[in-house]
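K.L.:
Next comes the structure file entry_13.pdb, holding PDB, C-alpha atoms, pLDDT in the B column.
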```pdb
ATOM      1  CA  GLN K  22      86.192 108.732 102.641  1.00 88.00           C
ATOM      2  CA  ALA K  23      88.256 105.552 102.464  1.00 89.00           C
ATOM      3  CA  ILE K  24      85.535 103.767 100.505  1.00 92.00           C
ATOM      4  CA  ALA K  25      85.173 106.689  98.093  1.00 92.00           C
ATOM      5  CA  GLN K  26      88.927 106.750  97.556  1.00 93.00           C
ATOM      6  CA  VAL K  27      89.801 103.054  97.461  1.00 92.00           C
ATOM      7  CA  CYS K  28      86.697 101.467  95.937  1.00 91.00           C
ATOM      8  CA  PRO K  29      84.119 104.041  94.856  1.00 94.00           C
ATOM      9  CA  ALA K  30      81.993 101.390  93.147  1.00 93.00           C
ATOM     10  CA  ALA K  31      81.209 100.013  96.629  1.00 93.00           C
ATOM     11  CA  LEU K  32      79.678 103.287  97.883  1.00 95.00           C
ATOM     12  CA  PRO K  33      76.039 102.270  97.257  1.00 96.00           C
ATOM     13  CA  ALA K  34      76.518  99.006  99.165  1.00 96.00           C
ATOM     14  CA  PHE K  35      78.397 100.844 101.904  1.00 96.00           C
ATOM     15  CA  ASN K  36      75.574 103.368 102.320  1.00 96.00           C
ATOM     16  CA  ARG K  37      72.895 100.649 102.378  1.00 97.00           C
ATOM     17  CA  ALA K  38      74.853  98.699 104.995  1.00 97.00           C
ATOM     18  CA  LEU K  39      75.383 101.834 107.084  1.00 96.00           C
ATOM     19  CA  ASP K  40      71.678 102.676 107.001  1.00 97.00           C
ATOM     20  CA  GLN K  41      70.783  99.114 107.979  1.00 97.00           C
ATOM     21  CA  ALA K  42      73.308  99.046 110.842  1.00 97.00           C
ATOM     22  CA  ALA K  43      72.120 102.425 112.119  1.00 96.00           C
ATOM     23  CA  ASP K  44      68.494 101.278 112.029  1.00 96.00           C
ATOM     24  CA  GLN K  45      69.360  98.064 113.891  1.00 95.00           C
ATOM     25  CA  ALA K  46      71.324 100.030 116.473  1.00 95.00           C
ATOM     26  CA  ARG K  47      68.414 102.420 117.038  1.00 94.00           C
ATOM     27  CA  LEU K  48      65.839  99.642 117.280  1.00 94.00           C
ATOM     28  CA  GLY K  49      67.910  97.593 119.681  1.00 91.00           C
ATOM     29  CA  SER K  50      69.475 100.493 121.587  1.00 91.00           C
ATOM     30  CA  ASP K  51      72.769  98.690 121.003  1.00 92.00           C
ATOM     31  CA  LEU K  52      75.942  99.753 119.217  1.00 94.00           C
ATOM     32  CA  ALA K  53      76.904  96.200 118.196  1.00 95.00           C
ATOM     33  CA  PRO K  54      75.455  96.516 114.660  1.00 95.00           C
ATOM     34  CA  LEU K  55      77.543  99.652 114.066  1.00 96.00           C
ATOM     35  CA  ARG K  56      80.648  97.942 115.416  1.00 95.00           C
ATOM     36  CA  ARG K  57      80.102  94.994 113.049  1.00 95.00           C
ATOM     37  CA  PHE K  58      79.539  97.399 110.159  1.00 96.00           C
ATOM     38  CA  THR K  59      82.755  99.276 110.940  1.00 95.00           C
ATOM     39  CA  ARG K  60      84.769  96.062 111.222  1.00 94.00           C
ATOM     40  CA  GLN K  61      83.349  94.632 107.982  1.00 95.00           C
ATOM     41  CA  TRP K  62      84.134  97.739 105.968  1.00 95.00           C
ATOM     42  CA  ALA K  63      87.565  98.203 107.544  1.00 95.00           C
ATOM     43  CA  ILE K  64      88.417  94.691 106.369  1.00 96.00           C
ATOM     44  CA  HIS K  65      87.025  95.473 102.908  1.00 95.00           C
ATOM     45  CA  VAL K  66      89.184  98.599 102.624  1.00 95.00           C
ATOM     46  CA  HIS K  67      92.242  96.734 103.911  1.00 95.00           C
ATOM     47  CA  ILE K  68      91.870  94.149 101.145  1.00 96.00           C
ATOM     48  CA  GLN K  69      91.034  96.665  98.416  1.00 96.00           C
ATOM     49  CA  ARG K  70      94.094  98.797  99.223  1.00 95.00           C
ATOM     50  CA  GLN K  71      96.289  95.927  98.055  1.00 95.00           C
ATOM     51  CA  PRO K  72      95.673  95.426  94.326  1.00 95.00           C
ATOM     52  CA  HIS K  73      97.120  91.889  94.187  1.00 97.00           C
ATOM     53  CA  LEU K  74      95.063  90.811  97.188  1.00 97.00           C
ATOM     54  CA  ALA K  75      91.906  92.498  95.887  1.00 96.00           C
ATOM     55  CA  ALA K  76      92.317  90.716  92.528  1.00 97.00           C
ATOM     56  CA  ARG K  77      92.854  87.365  94.235  1.00 98.00           C
ATOM     57  CA  PHE K  78      89.842  87.944  96.477  1.00 97.00           C
ATOM     58  CA  ALA K  79      87.624  88.719  93.471  1.00 96.00           C
ATOM     59  CA  GLU K  80      88.917  85.631  91.663  1.00 97.00           C
ATOM     60  CA  LEU K  81      88.142  83.455  94.674  1.00 98.00           C
ATOM     61  CA  GLU K  82      84.657  84.921  95.055  1.00 97.00           C
ATOM     62  CA  GLU K  83      83.971  84.080  91.406  1.00 97.00           C
ATOM     63  CA  ARG K  84      85.259  80.546  91.885  1.00 97.00           C
ATOM     64  CA  ALA K  85      83.238  80.099  95.070  1.00 97.00           C
ATOM     65  CA  GLN K  86      80.058  81.062  93.208  1.00 97.00           C
ATOM     66  CA  ASN K  87      80.640  79.424  89.830  1.00 97.00           C
ATOM     67  CA  GLY K  88      83.179  76.651  90.296  1.00 96.00           C
ATOM     68  CA  THR K  89      82.679  72.992  90.922  1.00 96.00           C
ATOM     69  CA  ALA K  90      81.846  71.921  94.452  1.00 97.00           C
ATOM     70  CA  ASP K  91      85.511  71.167  95.169  1.00 97.00           C
ATOM     71  CA  GLU K  92      86.645  74.482  93.674  1.00 97.00           C
ATOM     72  CA  ALA K  93      84.005  76.347  95.666  1.00 97.00           C
ATOM     73  CA  ARG K  94      85.109  74.711  98.927  1.00 97.00           C
ATOM     74  CA  ALA K  95      88.772  75.480  98.272  1.00 97.00           C
ATOM     75  CA  ALA K  96      87.943  79.066  97.305  1.00 97.00           C
ATOM     76  CA  ALA K  97      85.790  79.557 100.394  1.00 97.00           C
ATOM     77  CA  SER K  98      88.593  78.243 102.570  1.00 97.00           C
ATOM     78  CA  GLU K  99      91.114  80.645 101.068  1.00 98.00           C
ATOM     79  CA  LEU K 100      88.642  83.535 101.308  1.00 98.00           C
ATOM     80  CA  GLY K 101      88.286  82.741 105.000  1.00 97.00           C
ATOM     81  CA  ARG K 102      92.053  82.804 105.465  1.00 97.00           C
ATOM     82  CA  ILE K 103      92.316  86.173 103.717  1.00 97.00           C
ATOM     83  CA  LEU K 104      89.552  87.615 105.889  1.00 97.00           C
ATOM     84  CA  ASP K 105      91.110  86.190 109.062  1.00 97.00           C
ATOM     85  CA  GLU K 106      94.505  87.661 108.145  1.00 96.00           C
ATOM     86  CA  ALA K 107      92.959  91.048 107.392  1.00 96.00           C
ATOM     87  CA  GLN K 108      91.150  91.040 110.719  1.00 95.00           C
ATOM     88  CA  ALA K 109      94.320  90.050 112.576  1.00 95.00           C
ATOM     89  CA  THR K 110      96.244  92.840 110.866  1.00 94.00           C
ATOM     90  CA  LEU K 111      93.592  95.376 111.829  1.00 92.00           C
ATOM     91  CA  ASP K 112      93.553  94.058 115.392  1.00 91.00           C
ATOM     92  CA  GLU K 113      97.333  94.473 115.598  1.00 90.00           C
ATOM     93  CA  GLY K 114      97.017  98.063 114.463  1.00 82.00           C
ATOM     94  CA  MET K 115      94.479  98.785 117.168  1.00 77.00           C
ATOM     95  CA  ASN K 116      96.441  97.063 119.949  1.00 72.00           C
ATOM     96  CA  PRO K 117     100.140  97.773 119.342  1.00 62.00           C
TER      97      PRO K 117
END
```
Please go through the file and, once you have read it, give me the structure as C-alpha cells.
P.N.:
Amino acid sequence: QAIAQVCPAALPAFNRALDQAADQARLGSDLAPLRRFTRQWAIHVHIQRQPHLAARFAELEERAQNGTADEARAAASELGRILDEAQATLDEGMNP
C-alpha cells in the first residue's frame, strides 16, 4: 500500500522484485531474499516520502549515469550517503 500511495509509478518494479524474491526464497528455503526485498523497498519509500530528498536522489541518479566520470563518482558517493542515512533512520525506528 505504501508503494501505491507514495510512488505508484514504481508498482510494476515492486511487483517484479517481490516475485523474484519470493521465487528465490522458495528455491533456497531461506527468507533472506524476502528480508532484502523488504529492506530495499522500505528505504525507497522512506526517500520518496520526502519530496526534496526524492528530487535530489533522482538528480544524483541522472548525474551518476550521464555525468562525467568525476560527476558520476561524486553522485554515487552522495547516493550512498543518502541510502546509508535512510537505512540508519529505519533501523532506529525498529530498535527504539
K.L.:
How would you write, as a VMD selection string, the residues chosen by the PyMOL selection byres ((chain K and resi 93-99) around 10) on this structure?
P.N.:
chain K and resid 77 to 78 80 to 92 100 to 105
K.L.:
Please enumerate the residues selected by the PyMOL selection byres ((chain K and resi 111) around 12) when evaluated against the supplied file, formatted as a list in words.
P.N.:
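After applying the PyMOL selection byres ((chain K and resi 111) around 12), what remains is Thr59, Arg60, Gln61, Trp62, Ala63, Ile64, His65, Val66, His67, Ile68, Leu104, Asp105, Glu106, Ala107, Gln108, Ala109, Thr110, Asp112, Glu113, Gly114, Met115, Asn116 and Pro117 of chain K.
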K.L.:
Report as a list in words all protein, DNA and RNA residues lying within 12 Å of Ala31 (chain K), evaluated on all atoms listed in the file, omitting residues in the same chain fewer than 6 positions from it.
P.N.:
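Near Ala31 (chain K), the qualifying residues are Gln22, Ala23, Ile24, Ala25, Arg37, Ala38, Trp62, His65, Val66 and Gln69 of chain K.
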K.L.:
Would you export the selected residues with C-alpha atoms as a tab-separated table (two decimals), in the frame of the given file, please?
P.N.:
```tsv
chain	number	residue	atom	x	y	z
K	22	GLN	CA	86.19	108.73	102.64
K	23	ALA	CA	88.26	105.55	102.46
K	24	ILE	CA	85.54	103.77	100.50
K	25	ALA	CA	85.17	106.69	98.09
K	37	ARG	CA	72.90	100.65	102.38
K	38	ALA	CA	74.85	98.70	105.00
K	62	TRP	CA	84.13	97.74	105.97
K	65	HIS	CA	87.02	95.47	102.91
K	66	VAL	CA	89.18	98.60	102.62
K	69	GLN	CA	91.03	96.66	98.42
```
K.L.:
Take CA of Ala43 (chain K) and CA of Arg56 (chain K) and report the distance between them in Å, one decimal.
P.N.:
10.2 Å
K.L.:
Could you state the separation of CA of Ala75 (chain K) and CA of Leu32 (chain K) in Å, given to one decimal place?
P.N.:
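The value is 16.4 Å.
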K.L.:
Find the distance between CA of Phe58 (chain K) and CA of Ala42 (chain K) and write it in Å to one decimal.
P.N.:
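Going from CA of Phe58 (chain K) over to CA of Ala42 (chain K) covers 6.5 Å.
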K.L.:
My structure is short of atoms at region 58-86 of chain K; please model N, CA and C atoms there, returning them as an mmCIF file, in the coordinates of the input.
P.N.:
```cif
data_model
loop_
_atom_site.group_PDB
_atom_site.id
_atom_site.type_symbol
_atom_site.label_atom_id
_atom_site.label_comp_id
_atom_site.auth_asym_id
_atom_site.auth_seq_id
_atom_site.Cartn_x
_atom_site.Cartn_y
_atom_site.Cartn_z
ATOM 1 N N PHE K 58 79.451 96.665 111.418
ATOM 2 C CA PHE K 58 79.539 97.399 110.159
ATOM 3 C C PHE K 58 80.935 97.996 109.981
ATOM 4 N N THR K 59 81.434 98.651 111.008
ATOM 5 C CA THR K 59 82.755 99.276 110.940
ATOM 6 C C THR K 59 83.836 98.238 110.694
ATOM 7 N N ARG K 60 83.776 97.123 111.380
ATOM 8 C CA ARG K 60 84.769 96.062 111.222
ATOM 9 C C ARG K 60 84.709 95.486 109.807
ATOM 10 N N GLN K 61 83.516 95.203 109.322
ATOM 11 C CA GLN K 61 83.349 94.632 107.982
ATOM 12 C C GLN K 61 83.947 95.544 106.916
ATOM 13 N N TRP K 62 83.657 96.818 107.002
ATOM 14 C CA TRP K 62 84.134 97.739 105.968
ATOM 15 C C TRP K 62 85.611 98.071 106.136
ATOM 16 N N ALA K 63 86.120 98.025 107.351
ATOM 17 C CA ALA K 63 87.565 98.203 107.544
ATOM 18 C C ALA K 63 88.317 97.054 106.886
ATOM 19 N N ILE K 64 87.810 95.854 107.012
ATOM 20 C CA ILE K 64 88.417 94.691 106.369
ATOM 21 C C ILE K 64 88.338 94.834 104.852
ATOM 22 N N HIS K 65 87.196 95.270 104.353
ATOM 23 C CA HIS K 65 87.025 95.473 102.908
ATOM 24 C C HIS K 65 88.062 96.468 102.379
ATOM 25 N N VAL K 66 88.212 97.587 103.059
ATOM 26 C CA VAL K 66 89.184 98.599 102.624
ATOM 27 C C VAL K 66 90.601 98.051 102.704
ATOM 28 N N HIS K 67 90.901 97.327 103.762
ATOM 29 C CA HIS K 67 92.242 96.734 103.911
ATOM 30 C C HIS K 67 92.580 95.857 102.707
ATOM 31 N N ILE K 68 91.647 95.040 102.291
ATOM 32 C CA ILE K 68 91.870 94.149 101.145
ATOM 33 C C ILE K 68 91.962 94.954 99.855
ATOM 34 N N GLN K 69 91.073 95.903 99.665
ATOM 35 C CA GLN K 69 91.034 96.665 98.416
ATOM 36 C C GLN K 69 92.245 97.581 98.242
ATOM 37 N N ARG K 70 92.897 97.947 99.311
ATOM 38 C CA ARG K 70 94.094 98.797 99.223
ATOM 39 C C ARG K 70 95.297 98.054 98.666
ATOM 40 N N GLN K 71 95.199 96.758 98.566
ATOM 41 C CA GLN K 71 96.289 95.927 98.055
ATOM 42 C C GLN K 71 95.827 95.295 96.744
ATOM 43 N N PRO K 72 96.214 95.877 95.614
ATOM 44 C CA PRO K 72 95.673 95.426 94.326
ATOM 45 C C PRO K 72 95.803 93.921 94.080
ATOM 46 N N HIS K 73 96.951 93.336 94.413
ATOM 47 C CA HIS K 73 97.120 91.889 94.187
ATOM 48 C C HIS K 73 96.161 91.079 95.047
ATOM 49 N N LEU K 74 95.961 91.521 96.280
ATOM 50 C CA LEU K 74 95.063 90.811 97.188
ATOM 51 C C LEU K 74 93.604 91.011 96.767
ATOM 52 N N ALA K 75 93.269 92.220 96.354
ATOM 53 C CA ALA K 75 91.906 92.498 95.887
ATOM 54 C C ALA K 75 91.577 91.652 94.662
ATOM 55 N N ALA K 76 92.535 91.526 93.736
ATOM 56 C CA ALA K 76 92.317 90.716 92.528
ATOM 57 C C ALA K 76 92.140 89.250 92.901
ATOM 58 N N ARG K 77 92.963 88.759 93.799
ATOM 59 C CA ARG K 77 92.854 87.365 94.235
ATOM 60 C C ARG K 77 91.518 87.129 94.935
ATOM 61 N N PHE K 78 91.102 88.066 95.758
ATOM 62 C CA PHE K 78 89.842 87.944 96.477
ATOM 63 C C PHE K 78 88.677 87.858 95.494
ATOM 64 N N ALA K 79 88.685 88.729 94.488
ATOM 65 C CA ALA K 79 87.624 88.719 93.471
ATOM 66 C C ALA K 79 87.619 87.402 92.701
ATOM 67 N N GLU K 80 88.806 86.916 92.374
ATOM 68 C CA GLU K 80 88.917 85.631 91.663
ATOM 69 C C GLU K 80 88.334 84.496 92.500
ATOM 70 N N LEU K 81 88.643 84.503 93.783
ATOM 71 C CA LEU K 81 88.142 83.455 94.674
ATOM 72 C C LEU K 81 86.629 83.542 94.866
ATOM 73 N N GLU K 82 86.109 84.770 94.948
ATOM 74 C CA GLU K 82 84.657 84.921 95.055
ATOM 75 C C GLU K 82 83.965 84.343 93.824
ATOM 76 N N GLU K 83 84.524 84.616 92.658
ATOM 77 C CA GLU K 83 83.971 84.080 91.406
ATOM 78 C C GLU K 83 84.010 82.554 91.422
ATOM 79 N N ARG K 84 85.128 82.000 91.843
ATOM 80 C CA ARG K 84 85.259 80.546 91.885
ATOM 81 C C ARG K 84 84.325 79.927 92.914
ATOM 82 N N ALA K 85 84.138 80.609 94.032
ATOM 83 C CA ALA K 85 83.238 80.099 95.070
ATOM 84 C C ALA K 85 81.793 80.058 94.567
ATOM 85 N N GLN K 86 81.431 81.005 93.711
ATOM 86 C CA GLN K 86 80.058 81.062 93.208
ATOM 87 C C GLN K 86 79.842 80.188 91.978
#
```
